[in-house]
Amino acid sequence: DITAVIVDSDYKAVQVLSVLKNMGKRVPEDVSLTCLSGSYLTDIPTPRIYSMKPDNSQIGEMAANRLIDIIEGRTENAQQNVYADYVIEEGDSFRRLTEESYG
């Protein structure tokens, strides 16, 4: 049996939660669910989906600074990758394993 599902987007997480419920699986009792790219969508369903949420204000600031650099002719860093911080939003869809879980 599957004991955990990890998805890459908030939309997929909500879909998987619905599919699991339709299969008669309880989240997190039977299957843990987590999402690598959460948003407000992961806060809506019950249980709330455990997720990693990007720091949107930091992303906006980096994008604005990049745009200003391009507008002002500073294009040397225009193709450089940048990375934003993220926050782990602890929802209710994830069951932590204990030694008893390995039974």
# chains A, B, ... in the order shown; residues from 1 in each chain; ligands from 1
>>> residues_around(residues="Ser93 in chain A", least_positions_apart="5", cutoff="6 Å", atoms="only C-alpha atoms", output="number ranges by chain")
A: 27-28, 32-33, 47, 49-50
>>> select_by_dssp(residues="range 40-82 of chain A", states="strand (DSSP E)", output="list in words")
Tyr50, Ser51, Met52, Lys53 and Pro54 of chain A
>>> write_last_selection(atoms="N, CA and C atoms", output="PDB file, in the first residue's frame")
ATOM      1  N   TYR A  50      -0.019  19.787   4.033  1.00  0.00           N
ATOM      2  CA  TYR A  50       1.354  20.099   4.438  1.00  0.00           C
ATOM      3  C   TYR A  50       2.110  20.536   3.188  1.00  0.00           C
ATOM      4  N   SER A  51       2.754  21.707   3.200  1.00  0.00           N
ATOM      5  CA  SER A  51       3.362  22.195   1.965  1.00  0.00           C
ATOM      6  C   SER A  51       4.566  23.101   2.211  1.00  0.00           C
ATOM      7  N   MET A  52       5.287  23.319   1.138  1.00  0.00           N
ATOM      8  CA  MET A  52       6.367  24.301   1.112  1.00  0.00           C
ATOM      9  C   MET A  52       5.856  25.482   0.299  1.00  0.00           C
ATOM     10  N   LYS A  53       5.878  26.669   0.886  1.00  0.00           N
ATOM     11  CA  LYS A  53       5.369  27.847   0.195  1.00  0.00           C
ATOM     12  C   LYS A  53       6.511  28.817  -0.078  1.00  0.00           C
ATOM     13  N   PRO A  54       6.592  29.314  -1.323  1.00  0.00           N
ATOM     14  CA  PRO A  54       7.641  30.277  -1.640  1.00  0.00           C
ATOM     15  C   PRO A  54       7.356  31.609  -0.963  1.00  0.00           C
TER      16      PRO A  54
END
>>> select_by_dssp(residues="chain A", states="alpha helix (DSSP H)", output="mmCIF file with C-alpha atoms, in the first residue's frame")
data_model
loop_
_atom_site.group_PDB
_atom_site.id
_atom_site.type_symbol
_atom_site.label_atom_id
_atom_site.label_comp_id
_atom_site.auth_asym_id
_atom_site.auth_seq_id
_atom_site.Cartn_x
_atom_site.Cartn_y
_atom_site.Cartn_z
ATOM 1 C CA ASP A 10 -0.922 22.943 -4.903
ATOM 2 C CA TYR A 11 -3.554 22.155 -7.532
ATOM 3 C CA LYS A 12 -2.352 18.554 -7.838
ATOM 4 C CA ALA A 13 -2.318 18.202 -4.054
ATOM 5 C CA VAL A 14 -5.977 19.199 -3.834
ATOM 6 C CA GLN A 15 -6.814 16.762 -6.648
ATOM 7 C CA VAL A 16 -4.892 13.914 -4.982
ATOM 8 C CA LEU A 17 -6.654 14.609 -1.682
ATOM 9 C CA SER A 18 -9.999 14.255 -3.442
ATOM 10 C CA VAL A 19 -8.946 11.028 -5.187
ATOM 11 C CA LEU A 20 -7.685 9.528 -1.928
ATOM 12 C CA LYS A 21 -10.959 10.355 -0.177
ATOM 13 C CA ASN A 22 -12.936 8.796 -3.052
ATOM 14 C CA ASN A 56 6.230 35.654 -2.699
ATOM 15 C CA SER A 57 7.360 39.079 -1.485
ATOM 16 C CA GLN A 58 10.985 38.043 -1.975
ATOM 17 C CA ILE A 59 10.195 36.710 -5.467
ATOM 18 C CA GLY A 60 8.458 39.997 -6.350
ATOM 19 C CA GLU A 61 11.384 42.048 -5.089
ATOM 20 C CA MET A 62 13.901 39.974 -7.072
ATOM 21 C CA ALA A 63 11.757 40.240 -10.222
ATOM 22 C CA ALA A 64 11.401 44.017 -9.846
ATOM 23 C CA ASN A 65 15.158 44.427 -9.322
ATOM 24 C CA ARG A 66 15.877 42.250 -12.368
ATOM 25 C CA LEU A 67 13.469 44.309 -14.498
ATOM 26 C CA ILE A 68 15.033 47.576 -13.359
ATOM 27 C CA ASP A 69 18.500 46.229 -14.231
ATOM 28 C CA ILE A 70 17.308 45.265 -17.738
ATOM 29 C CA ILE A 71 15.565 48.618 -18.289
#
>>> closest_residue(among="A:Glu72, A:Val7, A:Gln80, A:Val87", to="Asp55 in chain A", atoms="only C-alpha atoms")
A:Val87
>>> atom_distance(atom1="CA of Val31 in chain A", atom2="CA of Ile88 in chain A")
19.2 Å
>>> atom_distance(atom1="CA of Val82 in chain A", atom2="CA of Asp8 in chain A")
19.4 Å
>>> closest_residue(among="A:Glu89, A:Asp1, A:Arg26, A:Gln79", to="Gly38 in chain A", atoms="only C-alpha atoms")
A:Glu89
